[in-house]
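Written below as structure tokens is the structure these notes are about.
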Amino acid sequence: MATRAESPSVTEVVRQSLSKRRFDFRSAAFEASLLLMLLASLAILVILLTDVVRSGAGVLTERGGDFIQGSLSSLAERAGVWQGIVGSFLMMAFVVLVAFPVGIGAAVYLEEYAPDNRIARLIDVNVRNLAGVPSVVYGLLGLFLFVEVLEPLTGGRSIISGGLTLSLLVLPLVIITSAEALRAVPDSIREAGYGVGATRWEVVRSHVLPSAAQGILTGTILSLSRALGETAPLLLVGAVTGFLSTGSQTLAEQLQGEYVSLPTIIYAWAKEPDTDFRALTFAAIIVLLAVILLANLAAIILRNRYERKW
Amino acid sequence: MFRVRDTAGFRALLAAMTLALVAVACGGADATNDGSGGSGGAALTGKIVASGSSTVEPITSLAAELFAEENPDVSLSVDGPGTGDGFELFCQGKTDISDASRAIEPEEQQACKDGGIEYIELKVAIDGLSVLTSKNNNEISCLDFKDLYALIGPESEGFNSWSDANSLAEEIGAAHAPYPDVPLEITAPGEESGTYDSFGELVLEDIAYEDRKIEEDAPVIRADYTASADDNVIIQGLSGDETSLGWVGYAFYQENTDKVRAIPIAEEGDNCIEPTNETIAAGEYPISRDLYFYVNSKKAESNDSLQAFVDFYLAELQTLVQETGYVEAPEDVISETTQVWEDRETGTRDG
């Protein structure tokens, strides 16, 4: 070994003396298989994306703004996704206004106030299980609760029902991610707060929450992306697939009326007999991916802004 | 360590995010209203909700779209969850118009009666169920209903090759047995689909219940085939296998003539007829069904925009049906439909 021109690195020397071999085949094989798995999952993603872009880019370059601003139509050359973008954003507003405060509030209570007893642990386990419940089940819940029981308030099959259903769907996710972010705040920060005579409310408000903001924001915005992509529950609570025109309705009336969302547009177009809709379906997928990517980008920017310092 | 600025910033950011979302959403909602101004003083307003058959949905959607151009202040929505689901909503008074790929059934009539809903039945177009195979299949050139029963009926369960059906076909007197000894791969709509129901009713029910004495209400279509709710998936399945067999609505066949071939069909014997616009319109093609929409008659009385919409729909019927790939009903049927609407005749003639 000493005869070799460049001297081997320390890790190399340690590894060789541990394995008693010049070349450690087993760890090389392990590393190669891990790399293979990574490449396989990347390849699937790349194939999917190229397929989508190749099939849908034509529509976007040819029709561009016209496609983005167009409404639902049974004629492929006129159909567009604008109503879906609007519907999806309106429902996201509900998620932001309903699921985020409720979810973060529940997480703060669970982490900062609730005594660490069996009941708290039971609640914690159940919230985690709820996060794994298939989304269509939330759709059924929304159908019963918002469409049937609360019809006078929600207007039945409406944006409000859809938004509230999506809020329920992501609520467990918001609670879990927020609770985890709060748990990651070191106790020394809380103790320091109490040490200078701050009340629990003051400690939570001006120390714990700001420290956890980064994690909470990341979690909430990722749950927003999840809600953006959901199709199944919305089909149950009244997303329309054929045509929608809001006429002279006010915003309040529109919120209580039928709606479309980006994922349900994709679902509806994929089932159209007209083969021209095939390309539109892919173009709508590109738009949805772009919207979700933007949401994730916002998450990254916010996270960097609230970088933890302790 | 933590400056006040951070908490304030955090709060401001959250508020800004919320505001931005709401603003985008509201801006969007306003934009959809664009073009609503400028119409005449007596512009129609109001709301029309249509649901029901996904087969009829494209026709009604197009009607709504063209109507909305002329009447931008009317709010319209068209959905297509299926004929049965549509009637359920319709009979609860939740929709104004219910599209249907079959006439209203007795239970649905009862449900509407219980809900206090009276309706006007309007026949708008004809759909021919196309029996399909792969483009490359040259073995089969004609089938009659008994052939289809031998291949797809409830007694054909387990047949994996066309020739497996030979003895059954001979027993019931199917015209085109024996069949070649090639794999039989069936891809067709699933039970939830109106197209599944129609095929059973139009082709197999009489043979099953009357000739073969199958227990009444038992399924008349074999259970062991590849079912899909998505017609495009069915087309793909059919084109992927050389000796495939299946059926879809005529519009889906027409869009895919490069991938699949329609097998000419006879009700009995050798008088096989290919599904084309002409043969379906003339009633010569044996597996065709009527497409309808039902209008809530009380709502039509009180809602001017609904009346105007139905008037528009019937006036433009020819264009709508052609544009969406369906077959126009013959003239006497259309004039009958128009008459039913003008008289506001409630109830069902066909159900």
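FYI, nothing fancy with the structure tokens labels: chains A, B, ... in order, residues from 1 per chain, ligands from 1 as they appear.
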Per residue of chain A within 6 Å of chain B, note the shortest atom pair and the distance in Å to one decimal, counting only C-alpha atoms, and order the rows by chain and increasing residue number, as a Markdown table.
```
| residue | atom | partner | partner_atom | distance |
| --- | --- | --- | --- | --- |
| A:Ser74 | CA | B:Leu62 | CA | 5.6 |
| A:Val86 | CA | B:Gly28 | CA | 5.4 |
| A:Phe89 | CA | B:Ala25 | CA | 5.5 |
| A:Leu90 | CA | B:Ala25 | CA | 5.2 |
| A:Ala93 | CA | B:Leu21 | CA | 5.8 |
| A:Pro210 | CA | B:Thr7 | CA | 5.9 |
| A:Val240 | CA | B:Asp79 | CA | 4.8 |
| A:Thr241 | CA | B:Asp79 | CA | 5.1 |
| A:Gly242 | CA | B:Val78 | CA | 4.8 |
| A:Phe243 | CA | B:Val78 | CA | 4.8 |
| A:Leu244 | CA | B:Ser77 | CA | 4.3 |
| A:Ser245 | CA | B:Leu76 | CA | 4.9 |
| A:Thr246 | CA | B:Ser75 | CA | 4.4 |
| A:Gly247 | CA | B:Asp73 | CA | 3.9 |
| A:Ser248 | CA | B:Asp73 | CA | 4.5 |
| A:Lys271 | CA | B:Asp230 | CA | 5.9 |
| A:Pro273 | CA | B:Phe252 | CA | 5.0 |
```
Excluding Arg190 of chain A and its own-chain neighbours fewer than 4 positions away, which residues fall within 9 Å of it when counting only C-alpha atoms? Please give them as a list of chain:residue names. A:Val185, A:Pro186, A:Tyr194, A:Gly195, A:Arg200, A:Val203, A:Val204, A:His207, A:Val208
Fill in: Residue contacts of segment 131-147 of chain A (6 Å, only C-alpha atoms) excluding same-chain residues fewer than 5 positions away, as number ranges by chain
A: 156-157, 161, 165, 172-173, 232-233, 236-237
Go ahead and write the residues just picked, C-alpha atoms, as a CSV table (one decimal), in the first residue's frame.
```csv
chain,number,residue,atom,x,y,z
A,156,GLY,CA,-75.6,21.8,-0.4
A,157,ARG,CA,-73.2,20.8,-3.1
A,161,SER,CA,-68.9,22.2,1.3
A,165,THR,CA,-64.4,18.8,3.4
A,172,PRO,CA,-54.9,15.8,11.1
A,173,LEU,CA,-51.9,16.6,8.9
A,232,ALA,CA,-62.2,11.8,-4.8
A,233,PRO,CA,-63.9,13.8,-2.0
A,236,LEU,CA,-68.8,13.4,-3.8
A,237,VAL,CA,-69.6,16.9,-2.6
```
I'd like the contact shell of Gly52 of chain B - 7 Å cut-off, only C-alpha atoms, skipping same-chain residues fewer than 6 positions apart - returned as a PyMOL selection string. chain B and resi 79-83+85-87+98-100
From atom CA of Ile263 of chain B to atom CA of Tyr179 of chain B the spacing works out at 14.1 Å
Kindly give the distance, in Å, that separates atom CA of Ala239 of chain A and atom CA of Leu288 of chain A, rounded to a single decimal.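 About the pair atom CA of Ala239 of chain A and atom CA of Leu288 of chain A: they are 16.4 Å apart.
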Could you tell me, as a PyMOL selection string, which residues of segment 164-344 of chain B DSSP assigns to helix (DSSP H, G or I) when given the backbone?
chain B and resi 164-172+194-211+231-239+250-255+277-281+297-302+304-315+317-323+331-342
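Each of A:Thr281, A:Ser27, A:Thr220, A:Asn296 was checked against Arg15 of chain A using only C-alpha atoms; the smallest atom-to-atom distance is that of A:Ser27.
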Could you give me, as a list in words, the residues within 10 Å of Gln322 of chain B, counting only C-alpha atoms and dropping anything in the same chain fewer than 5 positions from it? Ile59, Ala125, Asn277, Leu317, Val327 and Glu328 of chain B
Need to verify the contact set: segment 263-267 of chain A, 12 Å, only C-alpha atoms, exclusion of same-chain residues closer than 4 positions in sequence. Can you return it as a PDB file with N, CA and C atoms, in the first residue's frame?
```pdb
ATOM      1  N   GLY A  56     -48.827  17.264 -23.179  1.00  0.00           N
ATOM      2  CA  GLY A  56     -49.649  18.428 -22.862  1.00  0.00           C
ATOM      3  C   GLY A  56     -49.056  19.759 -23.281  1.00  0.00           C
ATOM      4  N   SER A  71     -63.123  28.436 -20.121  1.00  0.00           N
ATOM      5  CA  SER A  71     -64.047  27.775 -19.205  1.00  0.00           C
ATOM      6  C   SER A  71     -64.258  26.335 -19.642  1.00  0.00           C
ATOM      7  N   LEU A  72     -64.952  25.585 -18.798  1.00  0.00           N
ATOM      8  CA  LEU A  72     -65.343  24.233 -19.169  1.00  0.00           C
ATOM      9  C   LEU A  72     -66.146  24.294 -20.459  1.00  0.00           C
ATOM     10  N   SER A  73     -65.926  23.320 -21.325  1.00  0.00           N
ATOM     11  CA  SER A  73     -66.664  23.301 -22.577  1.00  0.00           C
ATOM     12  C   SER A  73     -66.692  21.877 -23.093  1.00  0.00           C
ATOM     13  N   SER A  74     -67.724  21.559 -23.861  1.00  0.00           N
ATOM     14  CA  SER A  74     -67.719  20.220 -24.441  1.00  0.00           C
ATOM     15  C   SER A  74     -66.978  20.219 -25.773  1.00  0.00           C
ATOM     16  N   ALA A  79     -62.225  24.571 -24.572  1.00  0.00           N
ATOM     17  CA  ALA A  79     -62.184  24.268 -23.148  1.00  0.00           C
ATOM     18  C   ALA A  79     -60.920  24.817 -22.497  1.00  0.00           C
ATOM     19  N   GLY A  80     -61.068  25.285 -21.256  1.00  0.00           N
ATOM     20  CA  GLY A  80     -59.935  25.813 -20.511  1.00  0.00           C
ATOM     21  C   GLY A  80     -60.081  25.530 -19.030  1.00  0.00           C
ATOM     22  N   VAL A  81     -59.071  25.909 -18.255  1.00  0.00           N
ATOM     23  CA  VAL A  81     -59.018  25.497 -16.857  1.00  0.00           C
ATOM     24  C   VAL A  81     -59.305  26.608 -15.855  1.00  0.00           C
ATOM     25  N   TRP A  82     -59.646  27.825 -16.328  1.00  0.00           N
ATOM     26  CA  TRP A  82     -59.719  28.940 -15.401  1.00  0.00           C
ATOM     27  C   TRP A  82     -60.659  28.678 -14.228  1.00  0.00           C
ATOM     28  N   GLN A  83     -61.852  28.140 -14.523  1.00  0.00           N
ATOM     29  CA  GLN A  83     -62.810  27.892 -13.447  1.00  0.00           C
ATOM     30  C   GLN A  83     -62.254  26.917 -12.419  1.00  0.00           C
ATOM     31  N   GLY A  84     -61.427  25.973 -12.918  1.00  0.00           N
ATOM     32  CA  GLY A  84     -60.805  25.028 -11.999  1.00  0.00           C
ATOM     33  C   GLY A  84     -59.810  25.721 -11.090  1.00  0.00           C
ATOM     34  N   ILE A  85     -59.018  26.634 -11.673  1.00  0.00           N
ATOM     35  CA  ILE A  85     -58.040  27.373 -10.874  1.00  0.00           C
ATOM     36  C   ILE A  85     -58.771  28.188  -9.808  1.00  0.00           C
ATOM     37  N   GLY A  87     -61.871  27.741  -8.604  1.00  0.00           N
ATOM     38  CA  GLY A  87     -62.507  26.855  -7.627  1.00  0.00           C
ATOM     39  C   GLY A  87     -61.495  26.312  -6.636  1.00  0.00           C
ATOM     40  N   SER A  88     -60.341  25.866  -7.161  1.00  0.00           N
ATOM     41  CA  SER A  88     -59.322  25.308  -6.281  1.00  0.00           C
ATOM     42  C   SER A  88     -58.821  26.358  -5.299  1.00  0.00           C
ATOM     43  N   GLY A 162     -67.170  21.861  -0.322  1.00  0.00           N
ATOM     44  CA  GLY A 162     -65.903  21.320  -0.810  1.00  0.00           C
ATOM     45  C   GLY A 162     -64.743  21.817   0.023  1.00  0.00           C
ATOM     46  N   SER A 225     -50.853  21.685  -0.423  1.00  0.00           N
ATOM     47  CA  SER A 225     -50.596  20.991  -1.692  1.00  0.00           C
ATOM     48  C   SER A 225     -51.401  19.707  -1.776  1.00  0.00           C
ATOM     49  N   ARG A 226     -51.444  19.011  -0.628  1.00  0.00           N
ATOM     50  CA  ARG A 226     -52.214  17.761  -0.597  1.00  0.00           C
ATOM     51  C   ARG A 226     -53.676  18.044  -0.950  1.00  0.00           C
ATOM     52  N   ALA A 227     -54.231  19.089  -0.317  1.00  0.00           N
ATOM     53  CA  ALA A 227     -55.630  19.423  -0.553  1.00  0.00           C
ATOM     54  C   ALA A 227     -55.860  19.835  -2.006  1.00  0.00           C
ATOM     55  N   LEU A 228     -54.887  20.543  -2.575  1.00  0.00           N
ATOM     56  CA  LEU A 228     -55.009  20.985  -3.969  1.00  0.00           C
ATOM     57  C   LEU A 228     -55.158  19.813  -4.927  1.00  0.00           C
ATOM     58  N   GLY A 229     -54.519  18.700  -4.617  1.00  0.00           N
ATOM     59  CA  GLY A 229     -54.516  17.586  -5.558  1.00  0.00           C
ATOM     60  C   GLY A 229     -55.650  16.606  -5.363  1.00  0.00           C
ATOM     61  N   GLU A 230     -56.496  16.813  -4.351  1.00  0.00           N
ATOM     62  CA  GLU A 230     -57.531  15.817  -4.060  1.00  0.00           C
ATOM     63  C   GLU A 230     -58.692  15.859  -5.065  1.00  0.00           C
ATOM     64  N   THR A 231     -59.115  14.694  -5.506  1.00  0.00           N
ATOM     65  CA  THR A 231     -60.217  14.593  -6.450  1.00  0.00           C
ATOM     66  C   THR A 231     -61.411  13.886  -5.842  1.00  0.00           C
ATOM     67  N   ALA A 232     -61.139  12.722  -5.253  1.00  0.00           N
ATOM     68  CA  ALA A 232     -62.223  11.828  -4.835  1.00  0.00           C
ATOM     69  C   ALA A 232     -63.255  12.500  -3.929  1.00  0.00           C
ATOM     70  N   PRO A 233     -62.839  13.183  -2.844  1.00  0.00           N
ATOM     71  CA  PRO A 233     -63.863  13.751  -1.968  1.00  0.00           C
ATOM     72  C   PRO A 233     -64.696  14.826  -2.672  1.00  0.00           C
ATOM     73  N   LEU A 234     -64.061  15.556  -3.604  1.00  0.00           N
ATOM     74  CA  LEU A 234     -64.796  16.640  -4.269  1.00  0.00           C
ATOM     75  C   LEU A 234     -65.863  16.104  -5.199  1.00  0.00           C
ATOM     76  N   LEU A 235     -65.593  14.935  -5.811  1.00  0.00           N
ATOM     77  CA  LEU A 235     -66.601  14.362  -6.690  1.00  0.00           C
ATOM     78  C   LEU A 235     -67.844  14.010  -5.889  1.00  0.00           C
ATOM     79  N   LEU A 236     -67.645  13.710  -4.589  1.00  0.00           N
ATOM     80  CA  LEU A 236     -68.787  13.359  -3.757  1.00  0.00           C
ATOM     81  C   LEU A 236     -69.541  14.585  -3.270  1.00  0.00           C
ATOM     82  N   VAL A 237     -68.866  15.713  -3.130  1.00  0.00           N
ATOM     83  CA  VAL A 237     -69.560  16.880  -2.585  1.00  0.00           C
ATOM     84  C   VAL A 237     -69.854  17.925  -3.647  1.00  0.00           C
ATOM     85  N   GLY A 238     -70.000  17.502  -4.908  1.00  0.00           N
ATOM     86  CA  GLY A 238     -70.657  18.358  -5.873  1.00  0.00           C
ATOM     87  C   GLY A 238     -69.809  19.122  -6.865  1.00  0.00           C
ATOM     88  N   ALA A 239     -68.581  18.678  -7.147  1.00  0.00           N
ATOM     89  CA  ALA A 239     -67.850  19.319  -8.236  1.00  0.00           C
ATOM     90  C   ALA A 239     -68.530  18.915  -9.539  1.00  0.00           C
ATOM     91  N   VAL A 240     -68.830  19.878 -10.421  1.00  0.00           N
ATOM     92  CA  VAL A 240     -69.492  19.528 -11.664  1.00  0.00           C
ATOM     93  C   VAL A 240     -68.450  19.245 -12.735  1.00  0.00           C
ATOM     94  N   THR A 241     -68.844  18.430 -13.729  1.00  0.00           N
ATOM     95  CA  THR A 241     -67.878  18.026 -14.737  1.00  0.00           C
ATOM     96  C   THR A 241     -68.264  18.509 -16.125  1.00  0.00           C
ATOM     97  N   GLY A 242     -69.491  19.010 -16.297  1.00  0.00           N
ATOM     98  CA  GLY A 242     -69.942  19.329 -17.641  1.00  0.00           C
ATOM     99  C   GLY A 242     -69.736  20.776 -18.029  1.00  0.00           C
ATOM    100  N   PHE A 243     -70.489  21.666 -17.415  1.00  0.00           N
ATOM    101  CA  PHE A 243     -70.400  23.063 -17.770  1.00  0.00           C
ATOM    102  C   PHE A 243     -70.779  23.896 -16.559  1.00  0.00           C
ATOM    103  N   LEU A 244     -70.190  25.079 -16.453  1.00  0.00           N
ATOM    104  CA  LEU A 244     -70.504  25.948 -15.331  1.00  0.00           C
ATOM    105  C   LEU A 244     -70.440  27.382 -15.800  1.00  0.00           C
ATOM    106  N   TYR A 259     -69.386  24.095  -8.454  1.00  0.00           N
ATOM    107  CA  TYR A 259     -68.025  24.551  -8.698  1.00  0.00           C
ATOM    108  C   TYR A 259     -67.250  23.491  -9.469  1.00  0.00           C
ATOM    109  N   LYS A 271     -62.159  11.257 -19.227  1.00  0.00           N
ATOM    110  CA  LYS A 271     -63.253  10.359 -19.599  1.00  0.00           C
ATOM    111  C   LYS A 271     -63.999  10.806 -20.851  1.00  0.00           C
ATOM    112  N   GLU A 272     -63.599  11.930 -21.434  1.00  0.00           N
ATOM    113  CA  GLU A 272     -64.309  12.423 -22.621  1.00  0.00           C
ATOM    114  C   GLU A 272     -64.096  11.488 -23.817  1.00  0.00           C
ATOM    115  N   PHE A 277     -59.463  15.770 -26.293  1.00  0.00           N
ATOM    116  CA  PHE A 277     -59.405  16.090 -24.876  1.00  0.00           C
ATOM    117  C   PHE A 277     -58.217  15.424 -24.187  1.00  0.00           C
ATOM    118  N   ARG A 278     -57.621  14.427 -24.852  1.00  0.00           N
ATOM    119  CA  ARG A 278     -56.481  13.732 -24.253  1.00  0.00           C
ATOM    120  C   ARG A 278     -55.357  14.729 -23.976  1.00  0.00           C
ATOM    121  N   ALA A 279     -55.032  15.534 -24.995  1.00  0.00           N
ATOM    122  CA  ALA A 279     -53.959  16.521 -24.834  1.00  0.00           C
ATOM    123  C   ALA A 279     -54.337  17.565 -23.780  1.00  0.00           C
ATOM    124  N   LEU A 280     -55.629  17.954 -23.766  1.00  0.00           N
ATOM    125  CA  LEU A 280     -56.079  18.933 -22.779  1.00  0.00           C
ATOM    126  C   LEU A 280     -55.899  18.387 -21.364  1.00  0.00           C
ATOM    127  N   THR A 281     -56.177  17.085 -21.191  1.00  0.00           N
ATOM    128  CA  THR A 281     -56.018  16.471 -19.878  1.00  0.00           C
ATOM    129  C   THR A 281     -54.588  16.656 -19.387  1.00  0.00           C
ATOM    130  N   PHE A 282     -53.625  16.374 -20.280  1.00  0.00           N
ATOM    131  CA  PHE A 282     -52.223  16.494 -19.875  1.00  0.00           C
ATOM    132  C   PHE A 282     -51.856  17.958 -19.607  1.00  0.00           C
ATOM    133  N   ALA A 283     -52.395  18.850 -20.429  1.00  0.00           N
ATOM    134  CA  ALA A 283     -52.107  20.269 -20.216  1.00  0.00           C
ATOM    135  C   ALA A 283     -52.643  20.712 -18.851  1.00  0.00           C
ATOM    136  N   ALA A 284     -53.832  20.213 -18.486  1.00  0.00           N
ATOM    137  CA  ALA A 284     -54.397  20.564 -17.181  1.00  0.00           C
ATOM    138  C   ALA A 284     -53.537  19.987 -16.065  1.00  0.00           C
ATOM    139  N   ILE A 285     -52.957  18.798 -16.297  1.00  0.00           N
ATOM    140  CA  ILE A 285     -52.064  18.212 -15.293  1.00  0.00           C
ATOM    141  C   ILE A 285     -50.846  19.115 -15.100  1.00  0.00           C
ATOM    142  N   ILE A 286     -50.313  19.652 -16.221  1.00  0.00           N
ATOM    143  CA  ILE A 286     -49.160  20.547 -16.116  1.00  0.00           C
ATOM    144  C   ILE A 286     -49.525  21.773 -15.273  1.00  0.00           C
ATOM    145  N   VAL A 287     -50.728  22.328 -15.531  1.00  0.00           N
ATOM    146  CA  VAL A 287     -51.160  23.500 -14.759  1.00  0.00           C
ATOM    147  C   VAL A 287     -51.251  23.153 -13.278  1.00  0.00           C
ATOM    148  N   LEU A 288     -51.856  21.992 -12.968  1.00  0.00           N
ATOM    149  CA  LEU A 288     -51.982  21.587 -11.567  1.00  0.00           C
ATOM    150  C   LEU A 288     -50.606  21.417 -10.930  1.00  0.00           C
ATOM    151  N   LEU A 289     -49.679  20.753 -11.663  1.00  0.00           N
ATOM    152  CA  LEU A 289     -48.326  20.568 -11.131  1.00  0.00           C
ATOM    153  C   LEU A 289     -47.671  21.917 -10.872  1.00  0.00           C
ATOM    154  N   VAL A 291     -49.132  24.754 -10.162  1.00  0.00           N
ATOM    155  CA  VAL A 291     -49.726  25.383  -8.985  1.00  0.00           C
ATOM    156  C   VAL A 291     -49.164  24.757  -7.709  1.00  0.00           C
ATOM    157  N   ILE A 292     -49.084  23.419  -7.700  1.00  0.00           N
ATOM    158  CA  ILE A 292     -48.571  22.734  -6.508  1.00  0.00           C
ATOM    159  C   ILE A 292     -47.098  23.085  -6.284  1.00  0.00           C
TER     160      ILE A 292
ATOM    161  N   ASP B  79     -73.724  18.584 -14.869  1.00  0.00           N
ATOM    162  CA  ASP B  79     -72.903  17.527 -14.304  1.00  0.00           C
ATOM    163  C   ASP B  79     -73.340  16.184 -14.896  1.00  0.00           C
ATOM    164  N   ASP B 230     -64.467   3.691 -17.279  1.00  0.00           N
ATOM    165  CA  ASP B 230     -63.914   4.676 -18.190  1.00  0.00           C
ATOM    166  C   ASP B 230     -63.906   4.112 -19.612  1.00  0.00           C
TER     167      ASP B 230
END
```
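Near Val174 of chain A, within a cut-off of 10 Å and counting only C-alpha atoms, sit the residues Ala99, Phe100, Pro101, Val102, Gly103, Ile104, Gly105, Ala106, Ala107, Ala131, Ser167, Leu169, Val170, Leu171, Thr177, Ser178, Ala179, Glu180, Ile216, Leu217, Thr218, Gly219, Thr220, Ile221, Leu222, Ser223 and Leu224 of chain A, with same-chain residues fewer than 3 positions away left out.
Shortest atom-to-atom contact with Ser228 of chain B among B:Val131, B:Leu306, B:Val248, B:Ala165: B:Val248, counting only C-alpha atoms.
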message = Could you tell me how far atom CA of Leu143 of chain B sits from atom CA of Ala169 of chain B, in Å to one decimal place?
response =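 If I compute the distance from atom CA of Ala169 of chain B to atom CA of Leu143 of chain B, I get 11.3 Å.
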Exercise. From a DSSP calculation on the backbone, collect every residue of segment 58-249 of chain A in strand (DSSP E or B) and output the set as a ChimeraX atom specification.
Key: /A:239,243-245
